[in-house]
$ cat my_file.tsv   # TSV, C-alpha atoms and all ligand atoms
chain	number	residue	atom	x	y	z
A	1	MET	CA	2.28	-11.28	-26.06
A	2	PRO	CA	2.48	-7.54	-25.40
A	3	THR	CA	4.05	-6.44	-22.11
A	4	VAL	CA	1.40	-5.13	-19.74
A	5	ARG	CA	1.98	-3.11	-16.61
A	6	LEU	CA	-0.36	-3.32	-13.63
A	7	LEU	CA	-0.57	-0.99	-10.64
A	8	ALA	CA	-0.90	-2.86	-7.32
A	9	MET	CA	-2.37	-1.05	-4.32
A	10	PRO	CA	-3.15	-2.10	-0.76
A	11	GLY	CA	-6.33	-0.52	0.59
A	12	SER	CA	-4.67	-0.08	3.97
A	13	ALA	CA	-1.84	2.22	5.05
A	14	ARG	CA	-1.22	0.12	8.18
A	15	ARG	CA	2.37	-1.09	8.50
A	16	ASP	CA	1.44	-4.71	9.31
A	17	SER	CA	-1.59	-4.79	7.02
A	18	TRP	CA	-2.95	-8.26	6.16
A	19	ASN	CA	-4.13	-6.82	2.89
A	20	ARG	CA	-0.61	-5.78	1.93
A	21	LYS	CA	0.44	-9.40	2.48
A	22	LEU	CA	-2.51	-10.58	0.40
A	23	LEU	CA	-1.63	-8.08	-2.32
A	24	ALA	CA	1.79	-9.74	-2.62
A	25	VAL	CA	0.04	-13.04	-3.47
A	26	LEU	CA	-2.15	-11.32	-6.07
A	27	VAL	CA	0.96	-9.71	-7.54
A	28	ARG	CA	2.75	-13.08	-7.75
A	29	GLY	CA	-0.15	-14.47	-9.80
A	30	ALA	CA	-0.07	-11.51	-12.19
A	31	ARG	CA	3.72	-11.68	-12.60
A	32	ALA	CA	3.60	-15.44	-13.21
A	33	ALA	CA	1.13	-14.74	-16.03
A	34	GLY	CA	3.62	-12.30	-17.59
A	35	ALA	CA	2.62	-8.87	-16.29
A	36	GLU	CA	4.97	-6.25	-14.93
A	37	VAL	CA	3.70	-4.87	-11.64
A	38	THR	CA	4.33	-1.52	-9.93
A	39	LEU	CA	3.54	-1.27	-6.22
A	40	TYR	CA	1.59	1.86	-5.25
A	41	GLU	CA	1.79	2.53	-1.51
A	42	PRO	CA	-0.92	5.00	-0.43
A	43	ARG	CA	1.08	5.80	2.71
A	44	ASP	CA	3.82	7.28	0.49
A	45	HIS	CA	1.38	9.50	-1.44
A	46	GLU	CA	-0.65	11.33	1.12
A	47	MET	CA	-3.82	12.92	-0.21
A	48	PRO	CA	-6.05	15.27	1.77
A	49	LEU	CA	-9.65	14.30	2.32
A	50	TYR	CA	-11.56	15.34	-0.80
A	51	ASP	CA	-12.71	18.94	-0.42
A	52	GLY	CA	-14.36	20.83	-3.29
A	53	ASP	CA	-13.22	24.19	-1.94
A	54	LEU	CA	-9.61	22.98	-1.80
A	55	GLU	CA	-9.91	21.72	-5.37
A	56	ALA	CA	-11.42	25.02	-6.55
A	57	ALA	CA	-8.62	26.99	-4.86
A	58	GLU	CA	-5.60	24.80	-5.62
A	59	GLY	CA	-6.64	22.19	-8.20
A	60	ILE	CA	-6.09	18.52	-7.52
A	61	PRO	CA	-3.26	17.65	-5.12
A	62	PRO	CA	0.09	16.68	-6.67
A	63	ALA	CA	-0.34	13.10	-5.38
A	64	ALA	CA	-3.65	12.76	-7.27
A	65	ALA	CA	-2.09	14.13	-10.46
A	66	ARG	CA	0.77	11.63	-10.09
A	67	LEU	CA	-1.72	8.78	-9.69
A	68	GLN	CA	-3.58	9.87	-12.84
A	69	ALA	CA	-0.27	9.89	-14.70
A	70	LEU	CA	0.59	6.46	-13.31
A	71	PHE	CA	-2.68	5.00	-14.57
A	72	ALA	CA	-2.01	6.52	-17.99
A	73	GLU	CA	1.13	4.33	-18.08
A	74	HIS	CA	-0.47	1.17	-16.66
A	75	HIS	CA	-2.91	-1.32	-18.12
A	76	GLY	CA	-4.82	-2.38	-15.01
A	77	LEU	CA	-5.21	-2.49	-11.24
A	78	LEU	CA	-4.62	-5.07	-8.52
A	79	LEU	CA	-6.36	-4.11	-5.25
A	80	ALA	CA	-6.36	-5.90	-1.88
A	81	THR	CA	-8.59	-4.00	0.49
A	82	PRO	CA	-9.86	-4.29	4.07
A	83	GLU	CA	-13.51	-4.20	5.01
A	84	TYR	CA	-14.70	-1.44	7.33
A	85	ASN	CA	-18.28	-1.93	8.52
A	86	GLY	CA	-19.18	-3.94	5.47
A	87	PHE	CA	-17.65	-1.44	3.05
A	88	PHE	CA	-14.25	-0.65	1.60
A	89	PRO	CA	-12.27	1.91	3.65
A	90	PRO	CA	-12.19	5.68	3.14
A	91	LEU	CA	-8.56	5.46	2.00
A	92	VAL	CA	-9.68	3.65	-1.16
A	93	LYS	CA	-12.68	5.94	-1.76
A	94	ASN	CA	-10.67	9.12	-1.21
A	95	THR	CA	-7.80	7.99	-3.43
A	96	PHE	CA	-10.04	7.06	-6.35
A	97	ASP	CA	-12.39	10.03	-5.91
A	98	TRP	CA	-9.38	12.33	-6.34
A	99	LEU	CA	-8.21	10.22	-9.27
A	100	SER	CA	-11.57	10.78	-11.00
A	101	ARG	CA	-11.33	14.58	-10.91
A	102	PRO	CA	-10.41	16.53	-14.07
A	103	LEU	CA	-6.85	16.18	-15.33
A	104	PRO	CA	-4.61	19.15	-14.47
A	105	ASP	CA	-3.73	19.65	-18.18
A	106	GLY	CA	-6.66	21.99	-18.84
A	107	SER	CA	-8.36	19.52	-21.19
A	108	GLY	CA	-11.33	19.22	-18.84
A	109	LYS	CA	-11.17	15.44	-19.18
A	110	PRO	CA	-11.86	13.43	-16.00
A	111	GLY	CA	-9.07	11.28	-14.56
A	112	THR	CA	-11.24	8.27	-15.35
A	113	VAL	CA	-10.08	8.50	-19.00
A	114	HIS	CA	-6.95	6.75	-17.77
A	115	VAL	CA	-8.79	3.83	-16.16
A	116	ARG	CA	-11.80	3.28	-18.45
A	117	GLY	CA	-11.77	-0.17	-20.03
A	118	LYS	CA	-8.78	-1.34	-17.97
A	119	PRO	CA	-9.07	-4.57	-15.97
A	120	ALA	CA	-9.01	-4.70	-12.18
A	121	GLY	CA	-8.76	-7.59	-9.73
A	122	ILE	CA	-10.06	-7.34	-6.18
A	123	VAL	CA	-9.39	-9.41	-3.06
A	124	ALA	CA	-9.88	-8.79	0.66
A	125	ALA	CA	-8.45	-10.10	3.92
A	126	SER	CA	-9.89	-9.84	7.40
A	127	PRO	CA	-9.23	-11.39	10.80
A	128	GLY	CA	-12.99	-12.04	10.87
A	129	VAL	CA	-14.80	-15.10	9.55
A	130	LEU	CA	-16.28	-13.49	6.40
A	131	GLY	CA	-12.93	-12.40	4.95
A	132	GLY	CA	-14.23	-9.01	3.86
A	133	ILE	CA	-16.60	-10.46	1.25
A	134	ARG	CA	-19.29	-7.89	2.06
A	135	SER	CA	-16.95	-5.09	1.02
A	136	LEU	CA	-15.96	-6.77	-2.24
A	137	GLN	CA	-19.38	-6.27	-3.84
A	138	HIS	CA	-19.18	-2.55	-3.09
A	139	THR	CA	-15.58	-2.37	-4.28
A	140	ARG	CA	-16.63	-4.06	-7.52
A	141	GLN	CA	-19.50	-1.63	-8.05
A	142	TYR	CA	-17.38	1.43	-7.24
A	143	LEU	CA	-14.50	0.46	-9.53
A	144	SER	CA	-17.00	-0.37	-12.29
A	145	ASN	CA	-18.53	3.09	-11.89
A	146	LEU	CA	-15.05	4.52	-12.49
A	147	GLY	CA	-14.81	2.49	-15.71
A	148	PHE	CA	-12.63	-0.44	-14.65
A	149	LEU	CA	-13.46	-3.90	-15.98
A	150	VAL	CA	-13.43	-5.87	-12.73
A	151	VAL	CA	-12.67	-9.52	-13.47
A	152	PRO	CA	-15.42	-11.92	-12.31
A	153	ASP	CA	-13.38	-13.89	-9.77
A	154	GLN	CA	-12.64	-12.38	-6.37
A	155	VAL	CA	-11.44	-13.83	-3.06
A	156	GLY	CA	-12.08	-12.92	0.56
A	157	VAL	CA	-9.55	-14.43	2.98
A	158	PRO	CA	-11.00	-14.98	6.50
A	159	LYS	CA	-9.00	-15.34	9.73
A	160	ALA	CA	-6.16	-13.42	8.13
A	161	ASP	CA	-4.26	-13.31	11.42
A	162	SER	CA	-3.56	-17.05	11.08
A	163	ALA	CA	-3.75	-17.43	7.28
A	164	PHE	CA	-0.17	-16.40	6.43
A	165	ASP	CA	3.08	-18.17	7.28
A	166	THR	CA	6.21	-16.32	8.48
A	167	GLU	CA	7.26	-15.74	4.86
A	168	GLY	CA	3.97	-13.94	4.19
A	169	GLN	CA	2.65	-16.78	2.06
A	170	LEU	CA	-0.94	-18.03	2.34
A	171	GLN	CA	-0.81	-21.40	4.08
A	172	ASP	CA	-3.90	-22.87	2.41
A	173	ALA	CA	-2.78	-23.85	-1.09
A	174	ARG	CA	-6.31	-23.68	-2.51
A	175	VAL	CA	-6.83	-20.14	-1.27
A	176	ARG	CA	-3.36	-19.16	-2.50
A	177	THR	CA	-4.14	-20.57	-5.96
A	178	SER	CA	-7.48	-18.71	-6.06
A	179	VAL	CA	-5.84	-15.38	-5.21
A	180	GLU	CA	-3.04	-15.93	-7.73
A	181	ALA	CA	-5.69	-16.80	-10.33
A	182	VAL	CA	-7.34	-13.39	-9.87
A	183	GLY	CA	-3.98	-11.72	-10.54
A	184	ALA	CA	-3.42	-13.94	-13.58
A	185	ALA	CA	-6.91	-13.15	-14.93
A	186	VAL	CA	-6.18	-9.42	-14.75
A	187	ALA	CA	-2.85	-9.91	-16.53
A	188	ARG	CA	-4.41	-12.04	-19.29
A	189	LEU	CA	-7.31	-9.64	-19.88
A	190	ALA	CA	-4.91	-6.70	-19.99
A	191	MET	CA	-2.83	-8.57	-22.59
A	192	LYS	CA	-5.92	-9.30	-24.71
A	193	ILE	CA	-6.97	-5.64	-24.59
A	194	ALA	CA	-3.42	-4.62	-25.48
A	195	GLY	CA	-3.69	-6.78	-28.57
A	196	GLY	CA	-2.04	-10.04	-27.53
B	1	LIG	C1	-13.46	1.11	11.41
B	1	LIG	C2	-13.25	-0.36	11.24
B	1	LIG	C3	-14.29	-1.16	10.81
B	1	LIG	C4	-14.10	-2.53	10.61
B	1	LIG	N1	-15.13	-3.28	10.09
B	1	LIG	C5	-14.91	-4.56	9.75
B	1	LIG	C6	-15.90	-5.30	9.04
B	1	LIG	O1	-16.97	-4.82	8.72
B	1	LIG	N2	-15.62	-6.58	8.68
B	1	LIG	C7	-14.42	-7.17	8.98
B	1	LIG	O2	-14.22	-8.33	8.62
B	1	LIG	N3	-13.45	-6.50	9.67
B	1	LIG	C8	-13.66	-5.20	10.04
B	1	LIG	N4	-12.69	-4.49	10.68
B	1	LIG	C9	-11.43	-5.16	11.06
B	1	LIG	C10	-10.43	-5.16	9.91
B	1	LIG	O3	-10.71	-6.25	9.06
B	1	LIG	C11	-9.02	-5.27	10.47
B	1	LIG	O4	-8.71	-4.09	11.20
B	1	LIG	C12	-7.99	-5.52	9.40
B	1	LIG	O5	-6.76	-5.87	10.00
B	1	LIG	C13	-7.81	-4.31	8.49
B	1	LIG	O6	-7.03	-4.65	7.38
B	1	LIG	P1	-5.43	-4.45	7.33
B	1	LIG	O7	-4.85	-5.50	8.23
B	1	LIG	O8	-5.08	-4.70	5.89
B	1	LIG	O9	-5.12	-3.05	7.79
B	1	LIG	C14	-12.85	-3.12	10.90
B	1	LIG	C15	-11.80	-2.31	11.35
B	1	LIG	C16	-11.98	-0.95	11.51
B	1	LIG	C17	-10.80	-0.09	11.94

$ encode --input "my_file.tsv" --output "structure tokens"
Amino acid sequence: MPTVRLLAMPGSARRDSWNRKLLAVLVRGARAAGAEVTLYEPRDHEMPLYDGDLEAAEGIPPAAARLQALFAEHHGLLLATPEYNGFFPPLVKNTFDWLSRPLPDGSGKPGTVHVRGKPAGIVAASPGVLGGIRSLQHTRQYLSNLGFLVVPDQVGVPKADSAFDTEGQLQDARVRTSVEAVGAAVARLAMKIAGG
């Protein structure tokens, strides 16, 4: 099997984010299936709000160029994202909108060349009863528009404030297995695409 590398990103910059905890479960599933995983912390790579005038004057921000380069080196995406008013949060939209802008190498190619045809797995966690499932359909559509192959399975974890134990593990074994399975599905698809 070829070695595949996945980029794992929480859709929240919040220090005690439930989605960062959930991402760790997704990552465990992908690693158990043989993938190498790199954690991408949006809070460490601050990007300005997308602004066409800023882009025209200065090009894409260094953080966006670094993310494009990271995707060039990775075979897929693991994303655990909150739901804000039934949608995924602006942090996710802003990050990937910048990613999609033309590469800074003068080729004129969009940043999406580095994500097209690469698998993605999406999960959500919320203290509410729906577990962010309303946002997942929009996340799926958005990532598909960018060219990702979003794997069919997805999981929304409700009542996130009581779903994790003190070690950060999901207490409900069935939910834990479902989340890990999404990570494993991304790893396996990435391996198939890489020729395994
Ligand atoms: C602007 C805003 C809108 C929100 N809308 C929703 C929502 O539509 N559905 C939901 O389940 N939770 C909603 N929440 C609550 C979030 O699920 C909660 O803040 C959660 O902890 C965010 O994820 P995090 O813990 O990973 O940061 C909203 C929170 C904010 C700040």

$ residues_around --input "my_file.tsv" --residues "A:Ser17" --least-positions-apart "3" --cutoff "12 Å" --atoms "only C-alpha atoms" --output "list in words"
Met9, Pro10, Gly11, Ser12, Ala13, Arg14, Arg20, Lys21, Leu22, Leu23, Ala24, Glu41, Arg43, Ala80, Thr81, Pro82, Ala124, Ala125, Ser126, Pro127, Ala160, Asp161, Phe164 and Gly168 of chain A

$ closest_residue --input "my_file.tsv" --among "A:Ala163, A:Leu136, A:Val113, A:Ala120" --to "A:Pro89" --atoms "all atoms listed in the file"
A:Leu136

$ atom_distance --input "my_file.tsv" --atom1 "atom CA of A:Lys93" --atom2 "atom CA of A:Ala187"
23.8 Å

$ atom_distance --input "my_file.tsv" --atom1 "atom CA of A:Glu83" --atom2 "atom N2 of ligand LIG 1 (chain B)"
4.9 Å

$ closest_residue --input "my_file.tsv" --among "A:Leu130, A:Leu39, A:Ala184, A:Val115" --to "ligand LIG 1 (chain B)" --atoms "only C-alpha atoms and all ligand atoms"
A:Leu130

$ atom_distance --input "my_file.tsv" --atom1 "atom CA of A:Gly29" --atom2 "atom C2 of ligand LIG 1 (chain B)"
28.5 Å

$ decode --input "my_file.tsv" --residues "stretch 31-150 of chain A" --atoms "C-alpha atoms" --output "tab-separated table (two decimals), in the first residue's frame"
chain	number	residue	atom	x	y	z
A	31	ARG	CA	-4.06	6.50	11.17
A	32	ALA	CA	-5.36	3.04	12.10
A	33	ALA	CA	-6.10	2.51	8.39
A	34	GLY	CA	-2.48	3.38	7.55
A	35	ALA	CA	-2.51	7.09	6.70
A	36	GLU	CA	-0.04	9.67	7.94
A	37	VAL	CA	-1.84	12.73	9.26
A	38	THR	CA	-0.68	16.34	9.60
A	39	LEU	CA	-2.67	18.60	11.92
A	40	TYR	CA	-3.48	22.02	10.45
A	41	GLU	CA	-4.48	24.51	13.14
A	42	PRO	CA	-6.23	27.54	11.61
A	43	ARG	CA	-5.44	29.57	14.72
A	44	ASP	CA	-1.72	29.25	13.89
A	45	HIS	CA	-2.19	30.47	10.29
A	46	GLU	CA	-4.18	33.64	10.48
A	47	MET	CA	-5.74	34.73	7.21
A	48	PRO	CA	-7.47	38.07	6.65
A	49	LEU	CA	-11.09	38.05	5.59
A	50	TYR	CA	-11.11	37.57	1.81
A	51	ASP	CA	-10.86	40.96	0.11
A	52	GLY	CA	-10.43	41.29	-3.67
A	53	ASP	CA	-8.71	44.65	-3.34
A	54	LEU	CA	-6.18	43.19	-0.89
A	55	GLU	CA	-5.55	40.30	-3.28
A	56	ALA	CA	-5.12	42.68	-6.24
A	57	ALA	CA	-2.65	44.81	-4.26
A	58	GLU	CA	-0.65	42.14	-2.43
A	59	GLY	CA	-1.55	38.74	-3.93
A	60	ILE	CA	-2.73	35.94	-1.71
A	61	PRO	CA	-1.60	36.05	1.94
A	62	PRO	CA	1.45	33.94	2.86
A	63	ALA	CA	-0.77	31.68	5.00
A	64	ALA	CA	-2.97	30.88	1.97
A	65	ALA	CA	0.08	30.14	-0.18
A	66	ARG	CA	1.40	27.82	2.55
A	67	LEU	CA	-1.94	25.99	2.67
A	68	GLN	CA	-1.90	25.53	-1.13
A	69	ALA	CA	1.61	24.10	-0.83
A	70	LEU	CA	0.49	21.82	2.00
A	71	PHE	CA	-2.34	20.40	-0.10
A	72	ALA	CA	0.10	19.80	-2.94
A	73	GLU	CA	1.95	17.46	-0.54
A	74	HIS	CA	-1.15	15.77	0.94
A	75	HIS	CA	-3.59	13.27	-0.48
A	76	GLY	CA	-6.80	14.29	1.31
A	77	LEU	CA	-8.59	16.22	4.02
A	78	LEU	CA	-10.12	15.39	7.40
A	79	LEU	CA	-12.46	18.16	8.62
A	80	ALA	CA	-14.42	18.42	11.88
A	81	THR	CA	-16.47	21.57	11.80
A	82	PRO	CA	-19.02	23.39	13.98
A	83	GLU	CA	-22.42	24.48	12.77
A	84	TYR	CA	-23.25	28.18	12.86
A	85	ASN	CA	-26.91	28.91	12.10
A	86	GLY	CA	-27.28	25.76	10.08
A	87	PHE	CA	-24.11	26.37	8.07
A	88	PHE	CA	-20.39	25.78	8.41
A	89	PRO	CA	-18.53	28.72	10.02
A	90	PRO	CA	-16.82	31.61	8.22
A	91	LEU	CA	-13.42	30.30	9.32
A	92	VAL	CA	-13.86	27.29	7.03
A	93	LYS	CA	-15.27	29.34	4.12
A	94	ASN	CA	-12.58	32.00	4.36
A	95	THR	CA	-9.75	29.48	4.60
A	96	PHE	CA	-10.88	27.49	1.56
A	97	ASP	CA	-11.90	30.56	-0.46
A	98	TRP	CA	-8.32	31.84	-0.12
A	99	LEU	CA	-7.02	28.35	-0.94
A	100	SER	CA	-8.98	28.40	-4.22
A	101	ARG	CA	-7.37	31.61	-5.49
A	102	PRO	CA	-4.64	31.46	-8.18
A	103	LEU	CA	-1.29	30.00	-7.15
A	104	PRO	CA	1.39	32.62	-6.48
A	105	ASP	CA	3.73	30.97	-9.05
A	106	GLY	CA	2.41	33.02	-11.98
A	107	SER	CA	0.93	29.95	-13.70
A	108	GLY	CA	-2.59	31.36	-13.33
A	109	LYS	CA	-3.76	27.98	-12.04
A	110	PRO	CA	-6.31	28.06	-9.20
A	111	GLY	CA	-5.33	26.60	-5.82
A	112	THR	CA	-8.01	23.97	-6.39
A	113	VAL	CA	-5.56	22.10	-8.66
A	114	HIS	CA	-4.05	20.81	-5.43
A	115	VAL	CA	-7.33	19.47	-4.03
A	116	ARG	CA	-9.20	18.24	-7.12
A	117	GLY	CA	-9.89	14.52	-6.99
A	118	LYS	CA	-8.60	14.18	-3.41
A	119	PRO	CA	-10.84	12.55	-0.78
A	120	ALA	CA	-12.29	14.42	2.19
A	121	GLY	CA	-14.10	13.23	5.30
A	122	ILE	CA	-16.46	15.49	7.24
A	123	VAL	CA	-17.87	15.29	10.77
A	124	ALA	CA	-19.45	17.82	13.11
A	125	ALA	CA	-19.99	18.22	16.85
A	126	SER	CA	-22.43	20.47	18.65
A	127	PRO	CA	-23.75	20.85	22.19
A	128	GLY	CA	-27.20	20.89	20.54
A	129	VAL	CA	-29.39	17.89	19.77
A	130	LEU	CA	-28.82	17.80	15.98
A	131	GLY	CA	-25.04	17.48	16.19
A	132	GLY	CA	-24.42	19.94	13.38
A	133	ILE	CA	-25.98	17.70	10.72
A	134	ARG	CA	-27.58	20.67	8.94
A	135	SER	CA	-24.14	22.14	8.29
A	136	LEU	CA	-22.71	18.88	6.97
A	137	GLN	CA	-24.79	18.95	3.78
A	138	HIS	CA	-23.49	22.45	3.01
A	139	THR	CA	-19.93	21.46	3.90
A	140	ARG	CA	-20.23	18.49	1.54
A	141	GLN	CA	-21.52	20.67	-1.29
A	142	TYR	CA	-18.87	23.36	-0.75
A	143	LEU	CA	-15.95	20.93	-0.63
A	144	SER	CA	-17.32	19.15	-3.71
A	145	ASN	CA	-17.44	22.48	-5.53
A	146	LEU	CA	-13.73	22.87	-4.74
A	147	GLY	CA	-13.09	19.45	-6.29
A	148	PHE	CA	-12.77	17.23	-3.22
A	149	LEU	CA	-14.28	13.74	-3.33
A	150	VAL	CA	-16.25	13.79	-0.07
